[in-house]
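Visitor: Structure file my_file-v8.txt, compact mmCIF, C-alpha atoms, is pasted below:
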```txt
# COMPACT_ATOMS: atom_id res chain seq x y z
CA MET A 21 -28.87 1.54 16.02
CA LYS A 22 -28.43 4.88 14.37
CA LYS A 23 -27.54 5.41 10.77
CA ALA A 24 -24.04 6.50 9.77
CA LYS A 25 -25.21 10.01 8.94
CA ASP A 26 -26.68 10.38 12.44
CA SER A 27 -23.34 9.35 13.94
CA MET A 28 -21.51 11.96 11.95
CA GLY A 29 -23.16 14.73 13.91
CA LYS A 30 -21.68 13.54 17.16
CA ARG A 31 -18.00 13.77 16.42
CA LYS A 32 -15.75 14.27 19.37
CA GLY A 33 -11.98 14.22 19.40
CA TYR A 34 -10.20 11.27 20.83
CA LYS A 35 -6.80 9.89 19.97
CA PRO A 36 -5.56 6.50 21.23
CA ILE A 37 -2.16 6.66 22.89
CA LEU A 38 0.37 4.02 21.88
CA LEU A 39 2.80 3.11 24.64
CA GLY A 40 6.13 1.36 24.42
CA ILE A 41 6.43 -2.38 24.48
CA GLY A 42 6.73 -3.75 28.02
CA VAL A 43 8.72 -6.87 28.69
CA CYS A 44 7.62 -9.15 31.49
CA THR A 45 9.94 -12.01 32.31
CA ILE A 46 9.47 -14.32 35.28
CA LEU A 47 12.65 -16.02 36.51
CA VAL A 48 12.21 -19.14 38.60
CA VAL A 49 15.30 -20.42 40.39
CA ILE A 50 15.05 -23.62 42.39
CA ILE A 51 18.01 -24.39 44.57
CA LEU A 52 18.16 -27.67 46.45
CA SER A 53 20.98 -28.83 48.65
CA VAL A 54 21.22 -32.35 47.27
CA LEU A 55 23.34 -32.41 44.11
CA ALA A 56 21.50 -35.29 42.53
CA VAL A 57 18.15 -33.66 43.14
CA THR A 58 19.57 -30.34 41.91
CA GLY A 59 20.67 -31.96 38.69
CA ARG A 60 17.28 -33.50 38.13
CA ASN A 61 15.51 -30.24 38.94
CA ASP A 62 17.85 -28.28 36.64
CA ASP A 63 16.79 -30.58 33.85
CA THR A 64 13.17 -30.09 34.83
CA VAL A 65 13.54 -26.30 34.84
CA LYS A 66 15.21 -26.32 31.43
CA SER A 67 12.50 -28.57 30.08
CA ARG A 68 9.79 -26.35 31.55
CA GLU A 69 11.37 -23.17 30.12
CA ALA A 70 11.66 -24.81 26.73
CA ASN A 71 7.99 -25.83 26.87
CA GLU A 72 6.95 -22.30 27.90
CA GLU A 73 8.88 -20.76 25.00
CA THR A 74 7.34 -23.30 22.63
CA GLU A 75 3.85 -22.50 23.91
CA LYS A 76 4.48 -18.74 23.55
CA SER A 77 5.78 -19.27 20.04
CA GLN A 78 2.76 -21.37 19.18
CA VAL A 79 0.35 -18.72 20.54
CA SER A 80 2.15 -15.97 18.60
CA SER A 81 2.20 -18.05 15.42
CA GLU A 82 -1.49 -18.92 15.81
CA ASN A 83 -2.39 -15.26 16.30
CA LYS A 84 -0.34 -14.19 13.27
CA GLU A 85 -1.74 -17.02 11.19
CA LYS A 86 -5.27 -16.20 12.28
CA THR A 87 -4.75 -12.53 11.45
CA SER A 88 -3.10 -13.21 8.10
CA LYS A 89 -5.97 -15.45 7.06
CA THR A 90 -8.45 -12.65 7.64
CA ASN A 91 -6.49 -9.76 6.12
CA LYS A 92 -9.12 -8.13 3.94
CA ASN A 93 -7.35 -4.75 3.84
CA THR A 94 -4.28 -4.54 1.61
CA MET A 95 -1.10 -2.62 2.35
CA GLU A 96 -2.21 -0.08 -0.28
CA ARG A 97 -5.49 0.36 1.59
CA TYR A 98 -3.68 1.26 4.80
CA LEU A 99 -1.52 3.74 2.87
CA GLU A 100 -4.71 5.36 1.56
CA VAL A 101 -5.65 6.10 5.17
CA SER A 102 -2.74 8.57 5.29
CA ASP A 103 -3.15 9.89 1.75
CA PRO A 104 -3.84 13.65 2.10
CA GLU A 105 -5.78 13.74 -1.17
CA LYS A 106 -8.23 11.12 0.11
CA ARG A 107 -8.89 12.99 3.35
CA THR A 108 -11.00 16.06 4.00
CA LYS A 109 -9.15 19.35 4.33
CA ASP A 110 -11.80 20.48 6.83
CA TYR A 111 -9.91 18.60 9.53
CA MET A 112 -6.35 19.80 9.95
CA THR A 113 -4.63 17.22 12.22
CA ASP A 114 -3.54 13.62 11.69
CA ALA A 115 -5.27 12.36 14.84
CA ALA A 116 -8.33 10.24 14.10
CA ARG A 117 -11.62 11.34 15.59
CA TYR A 118 -14.38 9.22 17.09
CA SER A 119 -18.08 9.61 16.34
CA ARG A 120 -18.73 9.33 20.06
CA GLU A 121 -16.58 9.57 23.15
CA MET A 122 -15.48 6.19 24.45
CA SER A 123 -16.36 5.42 28.04
CA GLU A 124 -13.69 5.15 30.73
CA LYS A 125 -14.15 1.36 30.78
CA GLU A 126 -13.74 1.16 27.01
CA GLN A 127 -10.59 3.28 27.19
CA SER A 128 -9.21 1.11 29.98
CA ARG A 129 -9.93 -2.08 28.03
CA TYR A 130 -8.44 -0.54 24.90
CA GLN A 131 -5.20 0.18 26.78
CA ASP A 132 -5.11 -3.35 28.19
CA PHE A 133 -5.59 -4.85 24.72
CA LEU A 134 -2.96 -2.49 23.35
CA ASP A 135 -0.39 -3.79 25.85
CA ARG A 136 -1.28 -7.42 25.16
CA TYR A 137 -1.29 -6.88 21.39
CA GLU A 138 2.23 -5.49 21.63
CA LYS A 139 3.34 -8.66 23.44
CA ASP A 140 1.79 -10.89 20.76
CA GLU A 141 -0.67 -12.24 23.32
CA LEU A 142 -3.78 -11.14 21.44
CA ALA A 143 -4.85 -10.49 17.86
CA PRO A 144 -8.29 -9.83 16.34
CA LYS A 145 -10.06 -12.48 14.32
CA GLU A 146 -11.00 -9.91 11.66
CA GLU A 147 -9.72 -6.54 10.48
CA ILE A 148 -11.73 -3.37 10.91
CA GLU A 149 -13.89 -2.27 8.00
CA ILE A 150 -12.40 0.67 6.07
CA VAL A 151 -14.55 2.83 3.77
CA ASP A 152 -13.73 5.83 1.57
CA LYS A 153 -16.53 8.14 2.73
CA MET A 154 -19.15 7.61 5.38
CA GLU A 155 -21.76 9.43 3.31
CA ASP A 156 -21.60 6.50 0.87
CA TYR A 157 -22.03 3.92 3.65
CA ASP A 158 -25.73 3.12 3.46
CA LYS A 159 -25.86 0.74 6.42
CA GLU A 160 -26.44 0.82 10.14
CA VAL A 161 -23.30 1.40 12.18
CA ASP A 162 -23.49 -1.87 14.12
CA HIS A 163 -19.70 -2.31 14.33
CA PRO A 164 -16.68 0.06 14.20
CA VAL A 165 -16.01 1.51 10.74
CA TYR A 166 -13.09 3.72 9.77
CA ALA A 167 -13.84 6.38 7.13
CA ILE A 168 -10.76 7.69 5.29
CA TRP A 169 -12.29 10.96 4.08
CA GLU A 170 -13.60 11.96 7.48
CA VAL A 171 -10.44 10.76 9.35
CA GLU A 172 -12.82 9.17 11.81
CA PHE A 173 -13.85 5.99 13.60
CA PHE A 174 -17.62 5.56 13.49
CA LEU A 175 -18.76 3.55 16.49
CA PRO A 176 -22.06 1.86 17.36
CA GLU A 177 -24.08 3.40 20.20
CA ARG A 178 -23.30 0.57 22.60
CA THR A 179 -20.36 -0.83 24.54
CA LEU A 180 -17.67 -2.11 22.20
CA THR A 181 -16.79 -5.81 22.31
CA ASP A 182 -13.27 -7.14 22.95
CA GLU A 183 -12.95 -8.11 19.28
CA GLU A 184 -13.96 -4.61 18.14
CA LEU A 185 -11.44 -2.90 20.42
CA LEU A 186 -8.74 -5.28 19.20
CA GLN A 187 -9.60 -4.42 15.60
CA MET A 188 -9.08 -0.73 16.39
CA VAL A 189 -5.70 -1.45 18.02
CA ASP A 190 -4.72 -3.62 15.05
CA PHE A 191 -5.74 -0.86 12.62
CA GLN A 192 -3.46 1.75 14.19
CA TYR A 193 -0.47 -0.57 14.10
CA LYS A 194 -1.03 -1.61 10.50
CA VAL A 195 -1.30 1.99 9.32
CA ASP A 196 2.02 2.75 11.03
CA TYR A 197 3.57 -0.42 9.59
CA ALA A 198 2.40 0.40 6.05
CA LEU A 199 3.97 3.87 6.24
CA GLN A 200 7.18 2.49 7.74
CA HIS A 201 7.35 -0.24 5.10
CA LYS A 202 6.80 2.32 2.32
CA ASN A 203 9.56 4.54 3.70
CA GLU A 204 11.92 1.56 3.91
CA GLU A 205 11.21 0.71 0.27
CA VAL A 206 11.89 4.29 -0.79
CA LYS A 207 15.09 4.37 1.29
CA LYS A 208 16.30 1.05 -0.12
CA ALA A 209 15.59 2.16 -3.68
CA ALA A 210 17.57 5.37 -3.10
CA GLU A 211 20.50 3.48 -1.56
CA ASN A 212 20.63 0.96 -4.42
CA SER A 213 20.23 3.53 -7.20
CA THR A 214 23.03 3.69 -9.76
CA ASP A 215 22.45 7.46 -9.90
CA LYS A 216 22.83 7.92 -6.15
CA ILE A 217 24.22 11.32 -5.20
CA THR A 218 26.61 12.17 -2.34
CA LYS A 219 26.20 14.94 0.21
CA GLU A 220 28.82 16.96 -1.61
CA GLY A 221 26.98 16.40 -4.88
CA ALA A 222 23.71 17.48 -3.24
CA VAL A 223 25.27 20.75 -2.06
CA LYS A 224 26.59 21.45 -5.57
CA LYS A 225 23.21 20.63 -7.14
CA ALA A 226 21.40 22.85 -4.62
CA SER A 227 23.75 25.74 -5.26
CA GLU A 228 23.21 25.49 -9.00
CA ALA A 229 19.42 25.42 -8.53
CA ILE A 230 19.46 28.54 -6.32
CA GLU A 231 21.67 30.42 -8.78
CA LYS A 232 19.39 29.50 -11.70
CA MET A 233 16.16 30.31 -9.89
CA PHE A 234 17.16 33.51 -8.13
CA GLY A 235 20.23 34.69 -10.06
CA VAL A 236 22.38 34.94 -6.92
CA ASP A 237 25.95 33.86 -6.16
CA THR A 238 25.90 31.21 -3.41
CA SER A 239 29.67 30.81 -3.05
CA SER A 240 29.87 32.99 0.08
CA LEU A 241 26.87 31.38 1.81
CA GLU A 242 27.27 28.86 4.63
CA LYS A 243 25.84 25.48 3.61
CA ASP A 244 24.41 22.86 5.98
CA VAL A 245 23.26 19.49 4.66
CA LEU A 246 21.19 16.87 6.49
CA PHE A 247 19.77 13.48 5.46
CA ASN A 248 16.08 13.10 6.33
CA GLY A 249 16.48 9.40 7.08
CA VAL A 250 14.57 8.19 4.03
CA SER A 251 15.51 9.58 0.62
CA THR A 252 16.27 13.30 0.74
CA TYR A 253 19.17 15.64 1.47
CA ILE A 254 18.06 18.96 2.97
CA VAL A 255 20.47 21.77 2.12
CA ASP A 256 20.20 25.07 4.01
CA MET A 257 22.09 28.13 2.80
CA LYS A 258 22.73 30.74 5.45
CA GLU A 259 24.19 34.19 5.90
CA LYS A 260 25.08 35.27 9.43
CA GLU A 261 23.07 32.34 10.87
CA ARG A 262 19.97 33.39 8.94
CA CYS A 263 18.64 30.77 6.54
CA LEU A 264 18.06 32.37 3.13
CA TYR A 265 17.34 29.29 1.01
CA THR A 266 16.38 25.67 1.54
CA VAL A 267 16.69 23.02 -1.17
CA HIS A 268 15.66 19.35 -1.09
CA ILE A 269 17.72 16.99 -3.26
CA GLU A 270 16.64 13.38 -3.85
CA VAL A 271 19.38 10.92 -2.85
CA GLY A 272 18.53 8.35 -5.54
CA ASN A 273 18.90 10.58 -8.59
CA GLY A 274 19.93 14.08 -7.50
CA ALA A 275 16.60 15.58 -8.54
CA VAL A 276 15.52 18.91 -7.06
CA SER A 277 12.24 18.35 -5.21
CA TRP A 278 11.88 21.55 -3.16
CA ILE A 279 13.18 25.13 -3.18
CA ILE A 280 12.10 27.99 -0.97
CA SER A 281 13.56 31.43 -0.42
CA ASP A 282 11.40 33.63 1.77
CA PRO A 283 9.10 31.91 4.27
CA LEU A 284 6.96 35.02 4.65
CA VAL A 285 3.54 34.98 2.96
CA PRO A 286 2.90 38.46 1.52
CA GLU A 287 -0.53 40.06 1.61
CA ILE A 288 -1.83 42.39 -1.05
CA GLU A 289 -2.20 45.91 0.34
CA ASN A 290 -4.52 47.03 -2.42
CA ALA A 291 -7.01 44.91 -4.35
CA LEU A 292 -5.88 43.73 -7.79
CA ASP A 293 -8.24 43.72 -10.75
CA VAL A 294 -8.35 40.43 -12.65
CA ASP A 295 -8.46 42.21 -16.00
CA LYS A 296 -6.66 42.05 -19.35
CA ASP A 297 -3.41 43.34 -17.84
CA PHE A 298 -3.59 40.72 -15.10
CA GLU A 299 -4.28 38.02 -17.71
CA LYS A 300 -1.32 39.16 -19.78
CA MET A 301 0.86 39.04 -16.68
CA TYR A 302 -0.01 35.49 -15.61
CA LYS A 303 0.34 34.17 -19.16
CA SER A 304 3.79 35.71 -19.68
CA ASN A 305 4.94 34.49 -16.27
CA TYR A 306 3.72 30.99 -17.09
CA LYS A 307 6.22 30.96 -19.97
CA ASN A 308 8.95 32.29 -17.66
CA ALA A 309 8.19 29.68 -15.00
CA LYS A 310 8.26 26.91 -17.61
CA MET A 311 11.66 28.03 -18.92
CA LEU A 312 12.94 28.28 -15.35
CA LEU A 313 11.79 24.75 -14.54
CA ASN A 314 13.34 23.27 -17.68
CA ASN A 315 16.59 25.01 -16.83
CA ILE A 316 16.64 23.70 -13.25
CA LEU A 317 15.64 20.14 -14.13
CA ASP A 318 18.15 19.76 -16.96
CA SER A 319 16.83 16.27 -17.65
CA GLY A 320 15.03 14.25 -20.29
CA VAL A 321 11.70 14.38 -18.46
CA GLN A 322 9.28 16.51 -20.46
CA ILE A 323 6.37 18.75 -19.41
CA VAL A 324 3.12 17.38 -20.82
CA SER A 325 0.55 19.84 -19.41
CA GLY A 326 0.20 22.82 -17.12
CA CYS A 327 -2.04 25.46 -15.60
CA CYS A 328 -2.03 28.42 -13.27
CA GLN A 329 -4.35 29.27 -10.40
CA PHE A 330 -4.96 32.18 -8.07
CA ARG A 331 -7.51 33.29 -5.50
CA THR A 332 -10.26 35.78 -6.25
CA ASP A 333 -13.42 36.99 -4.57
CA LYS A 334 -16.73 35.38 -5.52
CA THR A 335 -17.11 37.65 -8.54
CA GLY A 336 -13.86 36.41 -10.01
CA ASN A 337 -12.94 40.00 -10.89
CA LYS A 338 -10.63 40.90 -8.00
CA MET A 339 -7.90 39.63 -5.72
CA PRO A 340 -9.05 41.38 -2.53
CA GLU A 341 -6.66 43.30 -0.32
CA GLY A 342 -5.31 41.36 2.62
CA THR A 343 -5.17 38.10 0.64
CA VAL A 344 -2.06 36.14 -0.35
CA GLY A 345 -0.44 37.58 -3.46
CA TYR A 346 0.61 34.40 -5.25
CA ILE A 347 -0.05 32.88 -8.65
CA THR A 348 0.69 29.17 -8.60
CA TYR A 349 1.89 27.39 -11.73
CA TYR A 350 1.57 23.62 -12.11
CA PHE A 351 3.53 21.49 -14.58
CA LYS A 352 2.73 17.82 -15.07
CA MET A 353 5.67 15.69 -16.24
CA GLU A 354 5.89 12.49 -18.27
CA ASP A 355 6.73 10.49 -15.14
CA GLU A 356 3.43 11.49 -13.45
CA THR A 357 5.06 13.96 -11.09
CA VAL A 358 3.90 17.56 -10.78
CA TYR A 359 6.10 20.60 -10.19
CA GLU A 360 4.52 23.59 -8.48
CA ILE A 361 6.05 27.06 -8.75
CA ASN A 362 4.76 30.02 -6.73
CA TYR A 363 5.09 33.45 -8.31
CA ASN A 364 5.06 36.34 -5.85
CA ILE A 365 3.08 39.16 -7.45
CA LEU A 366 4.36 41.87 -5.11
CA LYS A 367 8.03 40.90 -5.50
CA ASP A 368 7.64 40.04 -9.18
CA LYS A 369 9.60 36.79 -8.88
CA CYS A 370 9.21 33.04 -8.48
CA GLU A 371 10.20 32.09 -4.96
CA ARG A 372 9.02 28.54 -4.31
CA LEU A 373 9.26 25.28 -6.19
CA GLY A 374 8.08 21.84 -5.15
CA ARG A 375 7.63 18.39 -6.66
CA ILE A 376 4.99 15.83 -5.74
CA GLU A 377 3.34 12.75 -7.23
CA LYS A 378 0.37 13.69 -9.40
CA GLU A 379 -2.09 11.67 -7.30
CA TYR A 380 -1.14 13.64 -4.18
CA SER A 381 -1.07 17.09 -5.79
CA SER A 382 -3.76 19.75 -6.17
CA TYR A 383 -3.21 19.89 -9.92
CA LYS A 384 -6.08 18.92 -12.22
CA THR A 385 -6.05 18.87 -16.00
CA LYS A 386 -8.72 20.55 -18.10
CA GLU A 387 -10.25 17.12 -18.78
CA GLU A 388 -10.40 16.32 -15.08
CA LEU A 389 -12.03 19.65 -14.24
CA GLU A 390 -14.62 19.16 -16.96
CA LYS A 391 -15.32 15.61 -15.77
CA GLU A 392 -15.86 16.88 -12.23
CA GLY A 393 -18.31 19.48 -13.51
CA ALA A 394 -16.31 22.48 -12.32
CA GLU A 395 -18.03 25.82 -12.93
CA ARG A 396 -16.61 27.79 -15.84
CA LYS A 397 -16.00 31.48 -16.47
CA GLY A 398 -14.69 31.89 -20.00
CA ASP A 399 -11.48 29.89 -20.26
CA LYS A 400 -11.22 29.68 -16.46
CA PHE A 401 -12.58 27.11 -14.00
CA ILE A 402 -13.92 28.06 -10.57
CA VAL A 403 -12.87 25.72 -7.76
CA PRO A 404 -14.10 26.25 -4.16
CA LEU A 405 -11.59 26.60 -1.34
CA THR A 406 -11.43 23.67 1.05
CA GLY A 407 -12.36 24.10 4.69
CA GLU A 408 -8.69 24.11 5.65
CA GLU A 409 -7.93 26.82 3.11
CA LYS A 410 -10.84 28.94 4.34
CA GLU A 411 -9.59 28.60 7.89
CA ALA A 412 -6.04 29.50 6.85
CA CYS A 413 -7.07 32.69 5.02
CA GLY A 414 -9.90 33.52 7.43
CA ARG A 415 -12.38 34.35 4.68
CA GLU A 416 -15.54 32.80 3.26
CA ASP A 417 -15.77 34.95 0.11
CA MET A 418 -12.83 33.38 -1.73
CA GLN A 419 -12.43 30.87 -4.54
CA TRP A 420 -9.76 29.48 -6.85
CA MET A 421 -9.59 30.52 -10.48
CA VAL A 422 -7.86 27.74 -12.44
CA VAL A 423 -6.63 28.43 -15.97
CA PRO A 424 -5.44 25.47 -18.09
CA MET A 425 -2.45 26.69 -20.13
CA GLU A 426 -1.52 23.65 -22.24
```
Can the structure in the file be given as structure tokens, please?
Guide:
Amino acid sequence: MKKAKDSMGKRKGYKPILLGIGVCTILVVIILSVLAVTGRNDDTVKSREANEETEKSQVSSENKEKTSKTNKNTMERYLEVSDPEKRTKDYMTDAARYSREMSEKEQSRYQDFLDRYEKDELAPKEEIEIVDKMEDYDKEVDHPVYAIWEVEFFLPERTLTDEELLQMVDFQYKVDYALQHKNEEVKKAAENSTDKITKEGAVKKASEAIEKMFGVDTSSLEKDVLFNGVSTYIVDMKEKERCLYTVHIEVGNGAVSWIISDPLVPEIENALDVDKDFEKMYKSNYKNAKMLLNNILDSGVQIVSGCCQFRTDKTGNKMPEGTVGYITYYFKMEDETVYEINYNILKDKCERLGRIEKEYSSYKTKEELEKEGAERKGDKFIVPLTGEEKEACGREDMQWMVVPME
């Protein structure tokens, strides 16, 4: 057996394909010419069908009972699998990878078990082992292990057993179920909220937010509103079929959770010096962004901390030409949500706003940065770009400068 770290070097992409549930029903009709015999056989058929249904029910119940007795992974654990903050940004898709390519026979058996699992004919005796990071797994990979950070199944270098393949099938379904269950809870909470907002109310709230953020009159704009199926109204404001603004309004309380004006990402034509003038600019705009947010929220929820961040070269003294010209402001609220506002340096205006739970955001307080041992430069903290961010900007010589403001 090879160690986990050896397996990590052999990653190859593979994504299991879930197919729809097939229904197989066998109808047996026995027709005899003698009425008395027919009657007796009809009773026999009914009795046999009843017994078959009972047996199927018993098998399904036994499988579910067996599985429930060995559930070592909680619903929260399966939700962590899809938590973007617990997964590496070096890998940009949601499809899980495999540490080695499965053989054709293993893939064929996997598909067979998938079909039978869907029909409640099979269930694993145990759940797959889930770990946070494979680098912390100091054991031999002698059975399948799913690592959340790597978004990857680590497999032993041998043919997988039936139980192991079933565990992998079971894992995929339980991740999907956890997400579906979470969405249903959010949807139910929104529907039962005493502060629930209507579509008309969402359009009014969105219009007010756009007018406050951008100082424009929205009365002449065409407004389309859609429900996302869970908890959010999506309001688009158009002019001559061109969408100018998009606002997300939460159904349960009418809160503004997303605003965007221009989808284009501007690039700086000339490098900007991160000097005293630049520092004065981002500090004054922090105050403006804070006032803007308080005006849009118009609620009792208070800002408890905040920061700004921007990209520089490795010296920390310049924003190089050809890079995105944004300063991002973060505001942490009393209810553990974080609002993010993007200030466009070239246009000299705030053009994007978004809300997210603190645990899923990129925002870190001064205390958190210090605890993580982030490198300091005066009152600023240097935070490396993730692999995904490097790939997006196409540069290796970039870093984040994070400035705690309060």
Visitor: Find the residue from A:Asp132, A:Glu146, A:Glu377, A:Asp417 that sits nearest to Glu183 of chain A; use only C-alpha atoms when measuring.
Guide: A:Glu146
Visitor: Kindly give the distance, in Å, that separates atom CA of Tyr157 of chain A and atom CA of Glu170 of chain A, rounded to a single decimal.
Guide: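 If I compute the distance from atom CA of Tyr157 of chain A to atom CA of Glu170 of chain A, I get 12.3 Å.
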Visitor: For atom CA of Phe174 of chain A and atom CA of Val101 of chain A, determine how far apart the two atoms are, in Å to one decimal place.
Guide: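 It comes out at 14.6 Å.
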Visitor: Hey, which of A:Pro404, A:Pro283, A:Gly393, A:Gly272 ends up closest to Arg331 of chain A? Count all atoms listed in the file.
Guide: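 That would be A:Pro404, the residue with the smallest distance to Arg331 of chain A.
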Visitor: What are the closest atom pairs, with distances in Å to one decimal, for each residue of segment 233-349 of chain A lying within 12 Å of segment 395-399 of chain A, using all atoms listed in the file, rows by chain and rising residue number, as CSV?
Guide:
```
residue,atom,partner,partner_atom,distance
A:Glu299,CA,A:Asp399,CA,11.2
A:Cys327,CA,A:Asp399,CA,11.4
A:Cys328,CA,A:Asp399,CA,11.8
A:Lys334,CA,A:Lys397,CA,11.6
A:Thr335,CA,A:Lys397,CA,10.1
A:Gly336,CA,A:Lys397,CA,8.4
A:Asn337,CA,A:Lys397,CA,10.6
```
Visitor: Within 9 Å of (17.5, 8.8, -0.7) (file coordinates; only C-alpha atoms), which protein or nucleic acid residues are there? I'd like them as a PyMOL selection string.
Guide: chain A and resi 206-211+213+216-217+247-253+269-274
Visitor: Just the number, please: distance in Å from atom CA of Asp256 of chain A to atom CA of Gly235 of chain A, one decimal.
Guide: 17.0 Å
Visitor: Rank nothing, just name the residue among A:Glu289, A:Lys303, A:Lys352, A:Val171 nearest to Lys106 of chain A, using all atoms listed in the file.
Guide: A:Val171
